Amino acid sequence: MSEPSYEELKARVAELEKKGPIRRTGSLEFRVGEKGGVSVYGLGRFPVTLYYEQWVRLLDASPDLRKFLEENKAEGKLKLKEK
């Protein structure tokens with residue numbers, strides 16, 4: 001099979017650009033790394049990785065974090081995803 005020509009590649013790129021970005025399902029995935037860190041995939045471009053004790057501290061602070069987010073959302077300080 002021969003290599004595609006420049007024009008064929010250019011047409012393929014244009015076709016893919018019309019389809020737009022690949023949509024993710026929004027599901028989260030958890031993994032344990034070699035060094036014992038727990039990573040959460042699916043929140044953004046890169047995973048969020050913390051150690052066990054850090055996850056526990058963060059989860060214990062979740063009511064305070066939720067309150068903080070709502071206060072700053074009301075003040076218009078947060079960047080919100082448009083639907």
# chains A, B, ... in the order shown; residues from 1 in each chain; ligands from 1
>>> select_by_dssp(residues="chain A", states="alpha helix (DSSP H)", output="ChimeraX atom specification")
/A:6-19,52-60,62-74
>>> residues_around(residues="region 79-83 of chain A", least_positions_apart="5", cutoff="12 Å", atoms="only C-alpha atoms", output="ChimeraX atom specification")
/A:69-70,72-74
>>> select_by_dssp(residues="chain A", states="strand (DSSP E)", output="PDB file with C-alpha atoms, in the first residue's frame")
ATOM      1  CA  GLU A  29     -10.924   6.270  36.866  1.00  0.00           C
ATOM      2  CA  PHE A  30      -8.723   5.546  39.889  1.00  0.00           C
ATOM      3  CA  ARG A  31      -5.278   3.957  39.817  1.00  0.00           C
ATOM      4  CA  VAL A  32      -2.557   3.238  42.357  1.00  0.00           C
ATOM      5  CA  VAL A  38      -3.655   7.305  44.131  1.00  0.00           C
ATOM      6  CA  SER A  39      -4.414   9.025  40.833  1.00  0.00           C
ATOM      7  CA  VAL A  40      -7.796  10.185  39.580  1.00  0.00           C
ATOM      8  CA  TYR A  41      -8.162  10.312  35.806  1.00  0.00           C
ATOM      9  CA  VAL A  48      -4.690  14.320  40.081  1.00  0.00           C
ATOM     10  CA  THR A  49      -2.349  12.281  42.280  1.00  0.00           C
ATOM     11  CA  LEU A  50      -2.193  12.342  46.072  1.00  0.00           C
TER      12      LEU A  50
END
>>> residues_around(residues="region 52-56 of chain A", least_positions_apart="3", cutoff="7 Å", atoms="only C-alpha atoms", output="list in words")
Gly37, Val38, Leu59 and Asp60 of chain A
>>> atom_distance(atom1="CA of Ser27 (chain A)", atom2="CA of Arg12 (chain A)")
29.4 Å
>>> decode(residues="region 19-53 of chain A", atoms="N, CA and C atoms", output="PDB file, in the first residue's frame")
ATOM      1  N   LYS A  19     -15.316  17.248  12.601  1.00  0.00           N
ATOM      2  CA  LYS A  19     -15.977  16.403  13.601  1.00  0.00           C
ATOM      3  C   LYS A  19     -15.859  17.001  14.999  1.00  0.00           C
ATOM      4  N   GLY A  20     -14.861  17.815  15.223  1.00  0.00           N
ATOM      5  CA  GLY A  20     -14.670  18.441  16.524  1.00  0.00           C
ATOM      6  C   GLY A  20     -13.876  17.555  17.461  1.00  0.00           C
ATOM      7  N   PRO A  21     -13.685  18.036  18.700  1.00  0.00           N
ATOM      8  CA  PRO A  21     -12.878  17.279  19.666  1.00  0.00           C
ATOM      9  C   PRO A  21     -13.585  15.992  20.093  1.00  0.00           C
ATOM     10  N   ILE A  22     -12.787  15.051  20.529  1.00  0.00           N
ATOM     11  CA  ILE A  22     -13.329  13.791  21.022  1.00  0.00           C
ATOM     12  C   ILE A  22     -13.949  14.042  22.396  1.00  0.00           C
ATOM     13  N   ARG A  23     -15.190  13.640  22.558  1.00  0.00           N
ATOM     14  CA  ARG A  23     -15.887  13.823  23.830  1.00  0.00           C
ATOM     15  C   ARG A  23     -15.625  12.629  24.734  1.00  0.00           C
ATOM     16  N   ARG A  24     -15.333  12.921  25.978  1.00  0.00           N
ATOM     17  CA  ARG A  24     -15.132  11.850  26.949  1.00  0.00           C
ATOM     18  C   ARG A  24     -16.439  11.589  27.664  1.00  0.00           C
ATOM     19  N   THR A  25     -16.541  10.414  28.242  1.00  0.00           N
ATOM     20  CA  THR A  25     -17.785  10.029  28.890  1.00  0.00           C
ATOM     21  C   THR A  25     -17.992  10.727  30.217  1.00  0.00           C
ATOM     22  N   GLY A  26     -16.944  11.309  30.761  1.00  0.00           N
ATOM     23  CA  GLY A  26     -17.067  11.986  32.042  1.00  0.00           C
ATOM     24  C   GLY A  26     -16.863  11.053  33.224  1.00  0.00           C
ATOM     25  N   SER A  27     -16.559   9.813  32.959  1.00  0.00           N
ATOM     26  CA  SER A  27     -16.356   8.881  34.065  1.00  0.00           C
ATOM     27  C   SER A  27     -14.959   9.068  34.651  1.00  0.00           C
ATOM     28  N   LEU A  28     -14.859   8.827  35.925  1.00  0.00           N
ATOM     29  CA  LEU A  28     -13.583   8.937  36.617  1.00  0.00           C
ATOM     30  C   LEU A  28     -12.965   7.557  36.751  1.00  0.00           C
ATOM     31  N   GLU A  29     -11.646   7.531  36.718  1.00  0.00           N
ATOM     32  CA  GLU A  29     -10.924   6.270  36.866  1.00  0.00           C
ATOM     33  C   GLU A  29      -9.859   6.464  37.937  1.00  0.00           C
ATOM     34  N   PHE A  30      -9.684   5.482  38.797  1.00  0.00           N
ATOM     35  CA  PHE A  30      -8.723   5.546  39.889  1.00  0.00           C
ATOM     36  C   PHE A  30      -7.641   4.493  39.677  1.00  0.00           C
ATOM     37  N   ARG A  31      -6.402   4.892  39.939  1.00  0.00           N
ATOM     38  CA  ARG A  31      -5.278   3.957  39.817  1.00  0.00           C
ATOM     39  C   ARG A  31      -4.295   4.202  40.952  1.00  0.00           C
ATOM     40  N   VAL A  32      -3.625   3.133  41.362  1.00  0.00           N
ATOM     41  CA  VAL A  32      -2.557   3.238  42.357  1.00  0.00           C
ATOM     42  C   VAL A  32      -1.244   3.118  41.614  1.00  0.00           C
ATOM     43  N   GLY A  33      -0.368   4.099  41.816  1.00  0.00           N
ATOM     44  CA  GLY A  33       0.922   4.116  41.137  1.00  0.00           C
ATOM     45  C   GLY A  33       1.957   3.274  41.849  1.00  0.00           C
ATOM     46  N   GLU A  34       3.118   3.166  41.242  1.00  0.00           N
ATOM     47  CA  GLU A  34       4.219   2.366  41.784  1.00  0.00           C
ATOM     48  C   GLU A  34       4.664   2.838  43.168  1.00  0.00           C
ATOM     49  N   LYS A  35       4.596   4.146  43.404  1.00  0.00           N
ATOM     50  CA  LYS A  35       5.061   4.708  44.674  1.00  0.00           C
ATOM     51  C   LYS A  35       3.950   4.818  45.706  1.00  0.00           C
ATOM     52  N   GLY A  36       2.752   4.298  45.380  1.00  0.00           N
ATOM     53  CA  GLY A  36       1.668   4.289  46.349  1.00  0.00           C
ATOM     54  C   GLY A  36       0.721   5.466  46.263  1.00  0.00           C
ATOM     55  N   GLY A  37       0.911   6.337  45.314  1.00  0.00           N
ATOM     56  CA  GLY A  37      -0.001   7.463  45.140  1.00  0.00           C
ATOM     57  C   GLY A  37      -1.267   7.011  44.424  1.00  0.00           C
ATOM     58  N   VAL A  38      -2.383   7.619  44.774  1.00  0.00           N
ATOM     59  CA  VAL A  38      -3.655   7.305  44.131  1.00  0.00           C
ATOM     60  C   VAL A  38      -3.965   8.428  43.144  1.00  0.00           C
ATOM     61  N   SER A  39      -4.148   8.053  41.886  1.00  0.00           N
ATOM     62  CA  SER A  39      -4.414   9.025  40.833  1.00  0.00           C
ATOM     63  C   SER A  39      -5.861   8.935  40.378  1.00  0.00           C
ATOM     64  N   VAL A  40      -6.445  10.105  40.127  1.00  0.00           N
ATOM     65  CA  VAL A  40      -7.796  10.185  39.580  1.00  0.00           C
ATOM     66  C   VAL A  40      -7.663  10.711  38.163  1.00  0.00           C
ATOM     67  N   TYR A  41      -8.167   9.940  37.213  1.00  0.00           N
ATOM     68  CA  TYR A  41      -8.162  10.312  35.806  1.00  0.00           C
ATOM     69  C   TYR A  41      -9.576  10.705  35.405  1.00  0.00           C
ATOM     70  N   GLY A  42      -9.685  11.649  34.481  1.00  0.00           N
ATOM     71  CA  GLY A  42     -10.987  12.037  33.958  1.00  0.00           C
ATOM     72  C   GLY A  42     -11.466  13.397  34.430  1.00  0.00           C
ATOM     73  N   LEU A  43     -10.690  14.069  35.269  1.00  0.00           N
ATOM     74  CA  LEU A  43     -11.064  15.411  35.723  1.00  0.00           C
ATOM     75  C   LEU A  43     -10.609  16.474  34.736  1.00  0.00           C
ATOM     76  N   GLY A  44      -9.500  16.233  34.098  1.00  0.00           N
ATOM     77  CA  GLY A  44      -8.942  17.195  33.155  1.00  0.00           C
ATOM     78  C   GLY A  44      -7.897  16.520  32.301  1.00  0.00           C
ATOM     79  N   ARG A  45      -7.002  17.316  31.784  1.00  0.00           N
ATOM     80  CA  ARG A  45      -5.985  16.792  30.877  1.00  0.00           C
ATOM     81  C   ARG A  45      -5.003  15.860  31.583  1.00  0.00           C
ATOM     82  N   PHE A  46      -4.679  16.190  32.831  1.00  0.00           N
ATOM     83  CA  PHE A  46      -3.715  15.406  33.594  1.00  0.00           C
ATOM     84  C   PHE A  46      -4.393  14.797  34.814  1.00  0.00           C
ATOM     85  N   PRO A  47      -3.871  13.672  35.306  1.00  0.00           N
ATOM     86  CA  PRO A  47      -4.459  13.071  36.508  1.00  0.00           C
ATOM     87  C   PRO A  47      -4.132  13.889  37.754  1.00  0.00           C
ATOM     88  N   VAL A  48      -4.953  13.731  38.772  1.00  0.00           N
ATOM     89  CA  VAL A  48      -4.690  14.320  40.081  1.00  0.00           C
ATOM     90  C   VAL A  48      -4.176  13.187  40.956  1.00  0.00           C
ATOM     91  N   THR A  49      -2.969  13.343  41.499  1.00  0.00           N
ATOM     92  CA  THR A  49      -2.349  12.281  42.280  1.00  0.00           C
ATOM     93  C   THR A  49      -2.014  12.783  43.670  1.00  0.00           C
ATOM     94  N   LEU A  50      -2.495  12.060  44.668  1.00  0.00           N
ATOM     95  CA  LEU A  50      -2.193  12.342  46.072  1.00  0.00           C
ATOM     96  C   LEU A  50      -1.924  11.016  46.772  1.00  0.00           C
ATOM     97  N   TYR A  51      -1.265  11.080  47.925  1.00  0.00           N
ATOM     98  CA  TYR A  51      -1.073   9.890  48.740  1.00  0.00           C
ATOM     99  C   TYR A  51      -2.279   9.696  49.650  1.00  0.00           C
ATOM    100  N   TYR A  52      -2.393   8.511  50.218  1.00  0.00           N
ATOM    101  CA  TYR A  52      -3.539   8.125  51.033  1.00  0.00           C
ATOM    102  C   TYR A  52      -3.904   9.190  52.078  1.00  0.00           C
ATOM    103  N   GLU A  53      -2.908   9.622  52.853  1.00  0.00           N
ATOM    104  CA  GLU A  53      -3.165  10.595  53.923  1.00  0.00           C
ATOM    105  C   GLU A  53      -3.695  11.913  53.357  1.00  0.00           C
TER     106      GLU A  53
END
